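Okay, data_11.txt is below, compact mmCIF, C-alpha atoms:
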# COMPACT_ATOMS: atom_id res chain seq x y z
CA MET P 15 30.37 16.45 28.38
CA ASP P 16 34.10 15.73 28.40
CA ALA P 17 35.96 13.46 25.98
CA LYS P 18 35.92 10.43 28.25
CA GLU P 19 32.19 10.68 28.85
CA VAL P 20 31.47 10.91 25.10
CA ILE P 21 33.55 7.78 24.53
CA ALA P 22 31.96 5.85 27.42
CA ARG P 23 28.42 6.79 26.35
CA ARG P 24 29.09 5.74 22.77
CA VAL P 25 30.72 2.44 23.76
CA ALA P 26 27.71 1.72 25.99
CA ARG P 27 25.59 1.64 22.82
CA GLU P 28 27.50 -1.51 21.80
CA LEU P 29 26.17 -3.41 24.83
CA ARG P 30 23.45 -5.99 24.23
CA ASP P 31 21.16 -7.76 26.65
CA GLY P 32 22.71 -10.93 28.09
CA MET P 33 26.29 -10.11 27.12
CA LEU P 34 29.34 -11.08 29.17
CA VAL P 35 31.65 -8.05 29.04
CA ASN P 36 35.12 -7.21 30.32
CA LEU P 37 36.10 -3.58 30.84
CA GLY P 38 39.77 -2.59 30.96
CA ILE P 39 41.21 -0.40 33.68
CA GLY P 40 40.78 3.38 33.34
CA LEU P 41 38.50 4.95 30.73
CA PRO P 42 36.74 1.66 29.79
CA THR P 43 35.41 1.19 33.36
CA LEU P 44 33.25 4.32 32.83
CA VAL P 45 31.13 2.33 30.34
CA ALA P 46 29.48 0.53 33.28
CA ASN P 47 27.86 3.85 34.26
CA TYR P 48 25.81 3.96 31.05
CA VAL P 49 24.24 0.50 30.74
CA PRO P 50 20.83 1.16 29.17
CA GLU P 51 17.88 0.93 31.56
CA GLY P 52 16.42 -2.58 31.76
CA MET P 53 19.35 -4.23 29.97
CA HIS P 54 21.15 -7.01 31.80
CA VAL P 55 24.88 -7.15 31.15
CA ALA P 56 27.28 -9.28 33.21
CA PHE P 57 30.66 -7.69 33.80
CA GLN P 58 33.71 -9.88 34.33
CA SER P 59 36.78 -8.75 36.19
CA GLU P 60 39.82 -10.81 35.14
CA ASN P 61 40.96 -11.36 38.72
CA GLY P 62 38.05 -13.73 39.17
CA ILE P 63 34.46 -12.52 39.32
CA ILE P 64 31.40 -12.15 37.10
CA GLY P 65 28.56 -9.97 38.32
CA PHE P 66 30.27 -7.26 40.27
CA GLY P 67 28.73 -3.94 41.14
CA ALA P 68 29.62 -0.45 42.32
CA PRO P 69 32.08 0.16 45.17
CA PRO P 70 30.42 -0.43 48.56
CA PRO P 71 29.85 2.44 51.00
CA GLU P 72 32.85 3.40 53.12
CA GLY P 73 33.32 0.93 55.94
CA MET P 74 31.61 -1.90 54.04
CA GLU P 75 34.59 -2.83 51.86
CA ASP P 76 35.66 -6.49 51.76
CA PRO P 77 39.44 -6.88 51.36
CA ASN P 78 38.80 -10.11 49.40
CA LEU P 79 36.50 -8.46 46.87
CA THR P 80 38.31 -6.20 44.41
CA ASP P 81 38.50 -5.48 40.71
CA ALA P 82 41.48 -5.88 38.37
CA GLY P 83 42.73 -2.44 39.38
CA GLY P 84 42.68 -3.39 43.06
CA GLY P 85 39.66 -1.19 43.83
CA PHE P 86 36.89 -2.38 46.15
CA ILE P 87 33.72 -3.65 44.44
CA SER P 88 30.50 -5.33 45.47
CA ALA P 89 29.02 -8.64 44.34
CA LEU P 90 25.52 -8.46 42.86
CA PRO P 91 22.95 -11.24 43.42
CA GLY P 92 23.91 -14.05 41.06
CA ALA P 93 27.60 -13.13 41.08
CA MET P 94 30.18 -15.90 40.84
CA SER P 95 33.84 -15.98 41.79
CA PHE P 96 36.56 -18.24 40.41
CA ASP P 97 40.31 -18.65 40.09
CA SER P 98 42.62 -17.26 37.39
CA VAL P 99 42.64 -20.45 35.28
CA THR P 100 38.83 -20.34 35.01
CA SER P 101 38.83 -16.59 34.45
CA PHE P 102 41.14 -16.89 31.45
CA ALA P 103 39.42 -19.98 30.10
CA LEU P 104 36.32 -17.76 29.93
CA ILE P 105 38.31 -14.99 28.24
CA ARG P 106 40.35 -17.08 25.82
CA GLY P 107 37.77 -19.75 25.15
CA GLY P 108 35.29 -17.62 23.22
CA HIS P 109 32.88 -17.17 26.13
CA LEU P 110 33.47 -13.44 26.49
CA ASP P 111 31.17 -11.46 24.19
CA MET P 112 33.01 -8.17 24.31
CA THR P 113 36.02 -6.47 25.81
CA VAL P 114 36.58 -2.72 25.98
CA LEU P 115 40.24 -1.72 26.22
CA GLY P 116 42.25 1.47 26.22
CA GLY P 117 44.79 2.01 23.46
CA LEU P 118 48.11 3.70 22.80
CA GLN P 119 47.92 3.11 19.03
CA VAL P 120 45.74 1.38 16.45
CA ASP P 121 46.98 0.99 12.89
CA SER P 122 45.40 0.69 9.46
CA LYS P 123 45.30 -3.10 9.80
CA GLY P 124 43.28 -2.67 12.99
CA ARG P 125 46.10 -3.91 15.20
CA LEU P 126 46.16 -2.56 18.75
CA ALA P 127 49.19 -1.54 20.82
CA ASN P 128 48.40 -0.88 24.46
CA TRP P 129 50.91 -2.50 26.76
CA MET P 130 54.31 -0.88 26.51
CA VAL P 131 56.38 2.03 25.25
CA PRO P 132 59.92 0.66 24.75
CA GLY P 133 62.46 2.48 26.89
CA LYS P 134 59.78 4.49 28.68
CA ILE P 135 57.03 2.50 30.33
CA VAL P 136 56.96 -1.26 30.59
CA PRO P 137 53.98 -2.06 32.79
CA GLY P 138 53.39 -5.48 31.24
CA MET P 139 50.47 -6.84 29.30
CA GLY P 140 48.48 -8.20 32.24
CA GLY P 141 45.40 -9.77 30.68
CA ALA P 142 45.31 -7.57 27.57
CA MET P 143 46.85 -10.06 25.12
CA ASP P 144 44.46 -12.81 26.19
CA LEU P 145 41.49 -10.43 26.01
CA VAL P 146 42.33 -9.27 22.47
CA SER P 147 43.03 -12.85 21.33
CA GLY P 148 39.93 -14.37 22.87
CA ALA P 149 37.01 -11.95 23.10
CA LYS P 150 34.34 -12.15 20.39
CA ARG P 151 34.41 -8.36 19.97
CA VAL P 152 37.24 -6.01 20.87
CA ILE P 153 36.33 -2.33 21.27
CA VAL P 154 39.17 0.16 21.65
CA ALA P 155 38.06 3.14 23.72
CA MET P 156 40.66 5.89 23.60
CA GLN P 157 41.20 9.58 23.03
CA HIS P 158 41.79 10.37 19.38
CA SER P 159 45.21 11.99 19.88
CA ALA P 160 47.92 12.04 22.53
CA LYS P 161 49.54 15.44 23.08
CA GLY P 162 48.52 16.49 19.59
CA SER P 163 49.86 13.46 17.75
CA PRO P 164 47.49 10.91 16.23
CA LYS P 165 47.03 7.56 17.97
CA ILE P 166 45.47 6.08 14.85
CA VAL P 167 48.44 5.44 12.58
CA GLU P 168 49.32 3.79 9.27
CA GLU P 169 51.66 1.23 10.89
CA LEU P 170 52.20 0.61 14.63
CA THR P 171 55.45 2.01 16.01
CA LEU P 172 54.75 0.39 19.40
CA PRO P 173 54.74 -3.38 20.06
CA PRO P 174 51.36 -4.91 19.15
CA THR P 175 49.12 -6.51 21.76
CA ALA P 176 47.90 -9.12 19.27
CA ALA P 177 47.89 -9.80 15.54
CA ARG P 178 44.10 -9.72 15.49
CA ARG P 179 42.09 -6.91 13.89
CA VAL P 180 40.01 -5.12 16.53
CA SER P 181 36.27 -4.70 15.97
CA LEU P 182 35.75 -0.99 16.56
CA ILE P 183 37.59 2.17 17.62
CA VAL P 184 35.62 4.73 19.62
CA THR P 185 37.14 8.15 20.32
CA GLU P 186 35.73 11.51 21.38
CA LEU P 187 35.74 12.50 17.68
CA ALA P 188 34.65 9.41 15.80
CA VAL P 189 33.69 5.79 15.49
CA ILE P 190 36.04 3.98 13.12
CA GLU P 191 35.76 0.38 11.98
CA PRO P 192 38.87 -1.51 10.90
CA THR P 193 38.01 -3.63 7.87
CA GLU P 194 39.88 -5.88 5.43
CA ASN P 195 40.33 -2.80 3.25
CA GLY P 196 41.57 -0.45 5.95
CA LEU P 197 39.90 1.96 8.33
CA ALA P 198 36.34 3.10 7.63
CA LEU P 199 34.84 6.18 9.25
CA ARG P 200 31.39 5.21 10.54
CA GLU P 201 30.26 8.07 12.78
CA ARG P 202 31.33 11.49 13.99
CA ALA P 203 30.84 12.91 17.48
CA PRO P 204 28.18 15.61 17.97
CA GLY P 205 29.43 18.89 16.54
CA VAL P 206 32.58 17.39 15.01
CA ALA P 207 33.27 17.88 11.30
CA VAL P 208 34.66 15.10 9.11
CA GLY P 209 37.62 17.33 8.24
CA GLU P 210 38.66 17.54 11.88
CA ILE P 211 38.59 13.74 12.18
CA VAL P 212 40.66 13.24 9.04
CA ALA P 213 43.16 15.91 10.14
CA ASN P 214 43.67 14.16 13.48
CA THR P 215 44.01 10.66 12.05
CA GLY P 216 47.42 9.39 10.98
CA ALA P 217 46.12 6.68 8.68
CA GLU P 218 44.02 6.71 5.54
CA LEU P 219 40.29 6.74 6.32
CA SER P 220 37.60 5.74 3.89
CA VAL P 221 34.91 8.38 4.26
CA PRO P 222 31.38 7.77 3.00
CA ALA P 223 29.31 10.60 1.52
CA ASP P 224 27.21 10.82 4.65
CA VAL P 225 28.76 10.34 8.09
CA PRO P 226 26.04 10.18 10.74
CA GLU P 227 26.41 11.67 14.20
CA MET P 228 27.16 9.08 16.87
CA PRO P 229 24.31 8.06 19.18
CA LEU P 230 25.14 8.34 22.87
CA ALA P 231 23.67 6.28 25.70
CA ALA P 232 21.52 8.23 28.10
CA ASN P 233 21.51 7.92 31.97
CA MET X 3 47.63 -34.74 59.82
CA ARG X 4 49.78 -31.67 59.52
CA LYS X 5 51.10 -29.55 62.34
CA ALA X 6 51.12 -25.81 61.94
CA ILE X 7 54.58 -24.27 61.82
CA THR X 8 55.55 -20.69 62.62
CA VAL X 9 56.13 -18.15 59.86
CA LYS X 10 59.78 -18.01 60.92
CA GLU X 11 60.13 -21.79 60.54
CA ALA X 12 58.49 -21.47 57.12
CA ALA X 13 60.85 -18.70 56.02
CA ASP X 14 63.84 -20.77 57.18
CA LEU X 15 62.79 -23.59 54.84
CA ILE X 16 63.27 -21.29 51.84
CA PRO X 17 66.95 -20.93 50.91
CA ASP X 18 68.49 -17.98 49.12
CA GLY X 19 68.24 -18.41 45.37
CA ALA X 20 65.03 -20.46 45.55
CA SER X 21 62.17 -20.08 43.08
CA VAL X 22 58.96 -19.06 44.82
CA MET X 23 55.44 -18.89 43.43
CA PHE X 24 53.00 -16.74 45.33
CA GLY X 25 49.26 -16.25 45.24
CA GLY X 26 47.73 -12.80 44.97
CA PHE X 27 46.39 -10.17 42.62
CA LEU X 28 47.69 -6.72 43.56
CA GLY X 29 48.19 -8.14 47.04
CA VAL X 30 44.65 -9.52 47.38
CA GLY X 31 44.88 -13.19 48.40
CA SER X 32 48.59 -12.98 49.18
CA PRO X 33 50.44 -14.64 52.09
CA GLU X 34 51.38 -11.38 53.80
CA ARG X 35 53.01 -12.82 56.90
CA LEU X 36 55.21 -15.17 54.89
CA PHE X 37 56.50 -12.19 52.87
CA ASP X 38 57.22 -10.34 56.13
CA ALA X 39 59.11 -13.36 57.46
CA LEU X 40 61.20 -13.65 54.29
CA VAL X 41 62.12 -9.98 54.58
CA GLY X 42 62.89 -10.57 58.26
CA ARG X 43 65.18 -13.48 57.41
CA GLY X 44 66.98 -11.34 54.82
CA ALA X 45 66.25 -13.70 51.91
CA LYS X 46 68.36 -13.10 48.79
CA ARG X 47 68.34 -13.83 45.04
CA LEU X 48 64.80 -15.23 44.97
CA THR X 49 63.00 -15.88 41.70
CA ILE X 50 59.40 -14.89 42.32
CA ILE X 51 56.52 -16.03 40.14
CA GLY X 52 53.10 -14.43 40.41
CA ASN X 53 50.58 -12.23 38.64
CA ASP X 54 52.14 -8.88 39.60
CA THR X 55 54.45 -7.27 42.15
CA ALA X 56 51.68 -5.31 43.94
CA ARG X 57 52.81 -1.90 45.15
CA PRO X 58 55.83 -0.70 47.14
CA GLY X 59 55.35 -1.67 50.78
CA VAL X 60 52.40 -3.94 49.97
CA ALA X 61 52.43 -7.76 49.97
CA VAL X 62 55.07 -9.10 47.55
CA GLY X 63 56.18 -5.50 46.99
CA LYS X 64 57.96 -5.78 50.36
CA LEU X 65 60.29 -8.45 48.91
CA ILE X 66 61.12 -6.11 46.03
CA ASP X 67 61.75 -3.19 48.41
CA ALA X 68 64.03 -5.27 50.65
CA GLY X 69 66.23 -6.50 47.80
CA CYS X 70 65.22 -10.16 48.21
CA VAL X 71 64.48 -10.67 44.52
CA ALA X 72 66.76 -11.32 41.54
CA ARG X 73 64.15 -12.40 39.01
CA VAL X 74 60.44 -11.81 38.46
CA ILE X 75 58.05 -13.77 36.25
CA ALA X 76 54.76 -11.84 36.16
CA SER X 77 52.08 -10.48 33.85
CA HIS X 78 52.18 -6.93 35.13
CA ILE X 79 54.61 -4.70 37.05
CA GLY X 80 52.94 -1.38 36.23
CA THR X 81 51.63 -0.80 39.76
CA ASN X 82 55.10 -1.08 41.30
CA PRO X 83 57.55 1.63 40.22
CA THR X 84 60.28 0.06 42.38
CA THR X 85 60.17 -3.13 40.30
CA GLN X 86 60.44 -1.06 37.13
CA GLN X 87 63.34 1.02 38.49
CA LYS X 88 65.25 -2.08 39.59
CA MET X 89 64.58 -3.68 36.21
CA ILE X 90 65.97 -0.65 34.37
CA ALA X 91 68.96 -0.54 36.76
CA GLY X 92 69.68 -4.21 35.97
CA GLU X 93 69.17 -5.34 39.57
CA ILE X 94 66.11 -7.43 38.75
CA GLU X 95 65.47 -9.50 35.65
CA VAL X 96 61.81 -9.43 34.57
CA GLU X 97 60.01 -11.89 32.30
CA LEU X 98 56.57 -10.62 31.34
CA VAL X 99 54.01 -13.31 30.55
CA PRO X 100 50.40 -12.73 29.46
CA GLN X 101 48.16 -13.40 32.45
CA GLY X 102 46.18 -16.26 30.94
CA THR X 103 49.38 -17.82 29.61
CA LEU X 104 50.95 -17.56 33.07
CA ALA X 105 47.97 -19.38 34.60
CA GLU X 106 48.11 -22.13 31.97
CA ARG X 107 51.91 -22.55 32.13
CA ILE X 108 51.60 -23.06 35.88
CA ARG X 109 48.67 -25.43 35.35
CA ALA X 110 50.80 -27.41 32.89
CA GLY X 111 53.67 -27.48 35.38
CA GLY X 112 51.43 -28.85 38.08
CA SER X 113 49.45 -31.35 36.07
CA GLY X 114 52.13 -33.26 34.19
CA LEU X 115 51.74 -31.54 30.84
CA GLY X 116 54.66 -30.72 28.56
CA GLY X 117 53.35 -27.25 27.77
CA VAL X 118 50.32 -25.44 26.42
CA LEU X 119 49.29 -24.20 22.98
CA THR X 120 47.73 -20.76 23.09
CA PRO X 121 46.77 -18.17 20.48
CA THR X 122 47.73 -15.43 22.96
CA GLY X 123 50.97 -13.71 21.98
CA VAL X 124 51.07 -14.83 18.34
CA GLY X 125 52.30 -11.88 16.26
CA THR X 126 53.80 -10.11 19.32
CA ILE X 127 57.20 -10.02 21.02
CA VAL X 128 55.94 -12.74 23.38
CA ALA X 129 56.31 -15.14 20.45
CA GLU X 130 60.01 -14.39 19.91
CA GLY X 131 62.09 -17.56 20.08
CA LYS X 132 59.06 -19.80 20.57
CA ARG X 133 57.59 -22.47 18.32
CA ILE X 134 54.38 -21.80 16.44
CA LEU X 135 52.23 -24.83 15.69
CA GLU X 136 49.35 -24.86 13.25
CA ILE X 137 46.35 -26.77 14.57
CA ASN X 138 43.20 -27.00 12.43
CA GLY X 139 44.37 -24.03 10.38
CA LEU X 140 45.07 -21.68 13.30
CA ASP X 141 48.43 -20.60 14.76
CA TYR X 142 49.25 -21.39 18.37
CA LEU X 143 52.27 -20.56 20.49
CA LEU X 144 53.94 -23.40 22.36
CA GLU X 145 54.48 -22.21 25.93
CA ALA X 146 56.56 -24.21 28.40
CA PRO X 147 55.36 -25.36 31.82
CA ILE X 148 56.39 -23.46 34.96
CA ARG X 149 57.19 -25.04 38.30
CA ALA X 150 58.86 -23.65 41.41
CA ASP X 151 60.71 -24.89 44.48
CA PHE X 152 58.07 -23.33 46.74
CA ALA X 153 54.51 -22.07 46.51
CA LEU X 154 53.41 -19.57 49.15
CA LEU X 155 49.64 -19.45 49.21
CA HIS X 156 46.86 -17.66 51.01
CA ALA X 157 43.60 -19.45 51.79
CA HIS X 158 40.49 -18.58 53.75
CA GLU X 159 40.17 -21.83 55.71
CA ALA X 160 42.63 -24.69 56.04
CA ASP X 161 42.03 -27.92 57.93
CA TYR X 162 44.79 -30.10 59.36
CA PHE X 163 44.74 -32.33 56.27
CA GLY X 164 45.62 -29.21 54.28
CA ASN X 165 42.24 -28.90 52.54
CA LEU X 166 41.69 -25.28 51.53
CA THR X 167 38.89 -22.84 50.77
CA TYR X 168 39.15 -19.34 49.31
CA ARG X 169 36.99 -16.25 49.36
CA LEU X 170 35.80 -14.22 46.37
CA THR X 171 38.62 -12.64 44.35
CA ALA X 172 41.27 -13.80 46.83
CA ALA X 173 41.47 -17.18 45.06
CA ASN X 174 43.16 -15.94 41.85
CA PHE X 175 46.43 -17.85 41.31
CA ASN X 176 46.43 -19.73 44.64
CA PRO X 177 44.55 -22.89 43.57
CA VAL X 178 46.64 -23.56 40.45
CA MET X 179 49.95 -22.88 42.21
CA ALA X 180 49.16 -25.52 44.84
CA PHE X 181 49.90 -28.10 42.12
CA ALA X 182 53.11 -26.63 40.73
CA ALA X 183 55.73 -26.45 43.50
CA ASP X 184 57.88 -29.00 45.32
CA CYS X 185 56.93 -27.53 48.69
CA VAL X 186 53.57 -25.82 49.28
CA ILE X 187 53.23 -23.55 52.32
CA VAL X 188 49.83 -22.11 53.21
CA GLU X 189 48.90 -19.12 55.30
CA SER X 190 45.17 -18.99 56.03
CA ASP X 191 42.64 -16.77 57.77
CA HIS X 192 41.59 -19.74 59.89
CA ILE X 193 42.82 -23.24 60.67
CA VAL X 194 39.84 -25.46 61.43
CA PRO X 195 39.49 -29.05 62.69
CA VAL X 196 39.33 -31.82 60.09
CA GLY X 197 35.72 -32.33 59.05
CA VAL X 198 34.70 -28.69 59.32
CA ILE X 199 35.22 -28.08 55.59
CA PRO X 200 32.69 -30.23 53.69
CA PRO X 201 34.20 -32.25 50.80
CA ASP X 202 32.30 -30.25 48.17
CA ALA X 203 33.64 -26.99 49.57
CA VAL X 204 37.31 -28.01 49.30
CA ARG X 205 38.93 -26.08 46.44
CA THR X 206 42.50 -27.27 46.95
CA PRO X 207 42.89 -30.93 47.93
CA GLY X 208 44.91 -31.23 51.14
CA VAL X 209 47.27 -33.80 49.62
CA LEU X 210 48.96 -30.93 47.75
CA VAL X 211 49.83 -28.97 50.89
CA ASP X 212 53.08 -29.51 52.80
CA HIS X 213 52.92 -26.94 55.59
CA LEU X 214 50.33 -24.76 57.33
CA VAL X 215 51.39 -21.57 59.03
CA GLY X 216 49.81 -21.09 62.46
CA ARG X 217 47.90 -17.95 63.27
CA ALA X 218 49.22 -17.06 66.69
CA CYS X 219 52.92 -17.30 66.01

Full structure transcribed into structure tokens:
Amino acid sequence: MDAKEVIARRVARELRDGMLVNLGIGLPTLVANYVPEGMHVAFQSENGIIGFGAPPPEGMEDPNLTDAGGGFISALPGAMSFDSVTSFALIRGGHLDMTVLGGLQVDSKGRLANWMVPGKIVPGMGGAMDLVSGAKRVIVAMQHSAKGSPKIVEELTLPPTAARRVSLIVTELAVIEPTENGLALRERAPGVAVGEIVANTGAELSVPADVPEMPLAAN
Amino acid sequence: MRKAITVKEAADLIPDGASVMFGGFLGVGSPERLFDALVGRGAKRLTIIGNDTARPGVAVGKLIDAGCVARVIASHIGTNPTTQQKMIAGEIEVELVPQGTLAERIRAGGSGLGGVLTPTGVGTIVAEGKRILEINGLDYLLEAPIRADFALLHAHEADYFGNLTYRLTAANFNPVMAFAADCVIVESDHIVPVGVIPPDAVRTPGVLVDHLVGRAC
């Protein structure tokens, strides 16, 4: 199981029946592959649909039915489409139960940076700032380090996406919860020692005596 | 009743230096033929306002490629390296706006509001130079309305009163932009006789639309 799959399977354990969920582009979209059997979760794509499904078979694509990355999707029975104003009223207005986003950095205050690297890449924030401001829960799904340097840091060096403290950080090594008193280590990935997590984290972690192994969604 | 005009006639209405809103999300729900006509006319110094700049050679990306654009207001330019290169080279000025804020600023511009108060962007560089207002103990950013000289929209069906329908995720920014420009030009998959679109199915009231672009021209 590679790093991304570990992260996606662990994030999937945060899903609850009846939730409205938004998945960011890239790694977070993998979470949709691991929805527990029998659970009903509605996925929203910010470009204007709730209730989308897997890409249709080749030749069955609809050019007017795409996700926020521009990829072809399908509409499941019960799906609904709407314009951008409605889509962001859902996101900002407290109607979205959970968003799963990628991250460039998270700091000890639980602040996320994921939309630009000054002087290098300036893609823009798209819907990320609204998602972090408005979703009831914000899960950051990212690899623990980038090219050997920690992405979990004491203080952001990249521009923040929002002032808000995110709910949970899930990496291929650990589950970390930002709290009022800093970052708390909650779980470790199968086969990963606490020492390895601490060594790869650039911020102080509070480590309980017993750190359980993270549960992973099946499928 | 409106008469359909050609895409060339539509492009000729839009002078160099105009501000132009456009519907579309990565090119989905974008007025493709109007972009082609603007490139064909050799439009210059446009300010374009939309969610993103698609990709090189795709939809609004063609305006970027052809050097028609001086300024971009968008939420995301990450899918178009040409926009980023021209921004770094100083050929295009880019204002990045959070997507939900962009939608609401346009809504404010089209519905007579003096701005919107949003929590999005508080504590980030989006807040620089803007007023923060405390409402019921929470901080909100005051964001100004956006309007444009023109809105170039894509619809599924249009009737000759200008009533519009959209399909699936091709609606995106089109409906809100119909309110927020001095001149609204619509390219549609079909133009149908008045009465074909039932009142409950109309998503953009025809009174907002100035011009329809004909299919076979």

What are the residues of chain P that have an atom within 7 Å of an atom of chain X, counting all atoms listed in the file, as a ChimeraX atom specification? /P:61-63,78-80,84,95-99,102,136-141,143-144,147,173-177

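Atom pair CA of Pro33 (chain X) / CA of Ala142 (chain P): separated by 26.0 Å.
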
Which one is closest to Thr167 (chain X): X:Ile193, X:Val60, X:Leu119, X:Ala45? Count all atoms listed in the file. X:Ile193

Expressed in Å to a single decimal, how great is the separation between CA of Ala26 (chain P) and CA of Val120 (chain P)? 20.4 Å

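With CA of Thr55 (chain X) on one side and CA of His156 (chain X) on the other, the separation reads 15.6 Å.
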
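Distance annotation: of P:Ala22, P:Ala223, P:Ile64, P:Ala93, the residue with the minimal separation from Asn47 (chain P) is P:Ala22; atom set is all atoms listed in the file.
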
So that I can see what lies close to Arg43 (chain X), please list as a count of residues only the residues with an atom at most 8 Å from it, counting all atoms listed in the file and leaving out residues fewer than 5 positions away in the same chain. 3

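The residue that comes closest to Trp129 (chain P), out of P:Gly38, P:Pro222, P:Pro69, P:Pro229 and on the basis of only C-alpha atoms, is P:Gly38.
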
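Those residues positioned at most 10 Å from (60.1, -28.2, 38.7) are Ser21, Gly111, Gly112, Pro147, Ile148, Arg149, Ala150, Asp151, Phe152, Ala182, Ala183 and Asp184 of chain X, judged using only C-alpha atoms.
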
Counting all atoms listed in the file, find the residues whose atoms lie at most 8 Å from (42.1, -2.1, 33.6) (file coordinates) and write them out as an mmCIF file with C-alpha atoms, in the coordinates of the input.
data_model
loop_
_atom_site.group_PDB
_atom_site.id
_atom_site.type_symbol
_atom_site.label_atom_id
_atom_site.label_comp_id
_atom_site.auth_asym_id
_atom_site.auth_seq_id
_atom_site.Cartn_x
_atom_site.Cartn_y
_atom_site.Cartn_z
ATOM 1 C CA LEU P 37 36.100 -3.580 30.840
ATOM 2 C CA GLY P 38 39.770 -2.590 30.960
ATOM 3 C CA ILE P 39 41.210 -0.400 33.680
ATOM 4 C CA GLY P 40 40.780 3.380 33.340
ATOM 5 C CA PRO P 42 36.740 1.660 29.790
ATOM 6 C CA THR P 43 35.410 1.190 33.360
ATOM 7 C CA ALA P 82 41.480 -5.880 38.370
ATOM 8 C CA GLY P 83 42.730 -2.440 39.380
ATOM 9 C CA LEU P 115 40.240 -1.720 26.220
#

With a distance cut-off of 7 Å and all atoms listed in the file, select the neighbouring residues of region 204-210 of chain P, excluding the residue or stretch itself and same-chain residues fewer than 4 positions from it, and output the selection as a ChimeraX atom specification. /P:187,214,227-228

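Take the candidates X:Val204, X:Ile75, X:Ile16, X:Ile134 and check each one against Cys185 (chain X) using all atoms listed in the file; the shortest distance goes to X:Ile16.
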
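Residues with any atom within 10 Å of Leu104 (chain P), counting all atoms listed in the file and excluding same-chain neighbours fewer than 4 positions away, are P:Leu34, P:Gln58, P:Glu60, P:Ser98, P:Val99, P:Thr100, P:Gly108, P:His109, P:Leu110, P:Asp111, P:Leu145, P:Gly148, P:Ala149.
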
Residue neighbourhood Ile211 (chain P), 12 Å, only C-alpha atoms, exclusion window fewer than 6 positions, as a VMD selection string: chain P and resid 157 to 159 164 to 166 185 to 190 198 to 203 205 217 to 221 225

Please dump the current selection as a PDB file, in the coordinates of the input; keep C-alpha atoms.
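The new file part_31.pdb reads:
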ATOM      1  CA  GLN P 157      41.200   9.580  23.030  1.00  0.00           C
ATOM      2  CA  HIS P 158      41.790  10.370  19.380  1.00  0.00           C
ATOM      3  CA  SER P 159      45.210  11.990  19.880  1.00  0.00           C
ATOM      4  CA  PRO P 164      47.490  10.910  16.230  1.00  0.00           C
ATOM      5  CA  LYS P 165      47.030   7.560  17.970  1.00  0.00           C
ATOM      6  CA  ILE P 166      45.470   6.080  14.850  1.00  0.00           C
ATOM      7  CA  THR P 185      37.140   8.150  20.320  1.00  0.00           C
ATOM      8  CA  GLU P 186      35.730  11.510  21.380  1.00  0.00           C
ATOM      9  CA  LEU P 187      35.740  12.500  17.680  1.00  0.00           C
ATOM     10  CA  ALA P 188      34.650   9.410  15.800  1.00  0.00           C
ATOM     11  CA  VAL P 189      33.690   5.790  15.490  1.00  0.00           C
ATOM     12  CA  ILE P 190      36.040   3.980  13.120  1.00  0.00           C
ATOM     13  CA  ALA P 198      36.340   3.100   7.630  1.00  0.00           C
ATOM     14  CA  LEU P 199      34.840   6.180   9.250  1.00  0.00           C
ATOM     15  CA  ARG P 200      31.390   5.210  10.540  1.00  0.00           C
ATOM     16  CA  GLU P 201      30.260   8.070  12.780  1.00  0.00           C
ATOM     17  CA  ARG P 202      31.330  11.490  13.990  1.00  0.00           C
ATOM     18  CA  ALA P 203      30.840  12.910  17.480  1.00  0.00           C
ATOM     19  CA  GLY P 205      29.430  18.890  16.540  1.00  0.00           C
ATOM     20  CA  ALA P 217      46.120   6.680   8.680  1.00  0.00           C
ATOM     21  CA  GLU P 218      44.020   6.710   5.540  1.00  0.00           C
ATOM     22  CA  LEU P 219      40.290   6.740   6.320  1.00  0.00           C
ATOM     23  CA  SER P 220      37.600   5.740   3.890  1.00  0.00           C
ATOM     24  CA  VAL P 221      34.910   8.380   4.260  1.00  0.00           C
ATOM     25  CA  VAL P 225      28.760  10.340   8.090  1.00  0.00           C
TER      26      VAL P 225
END
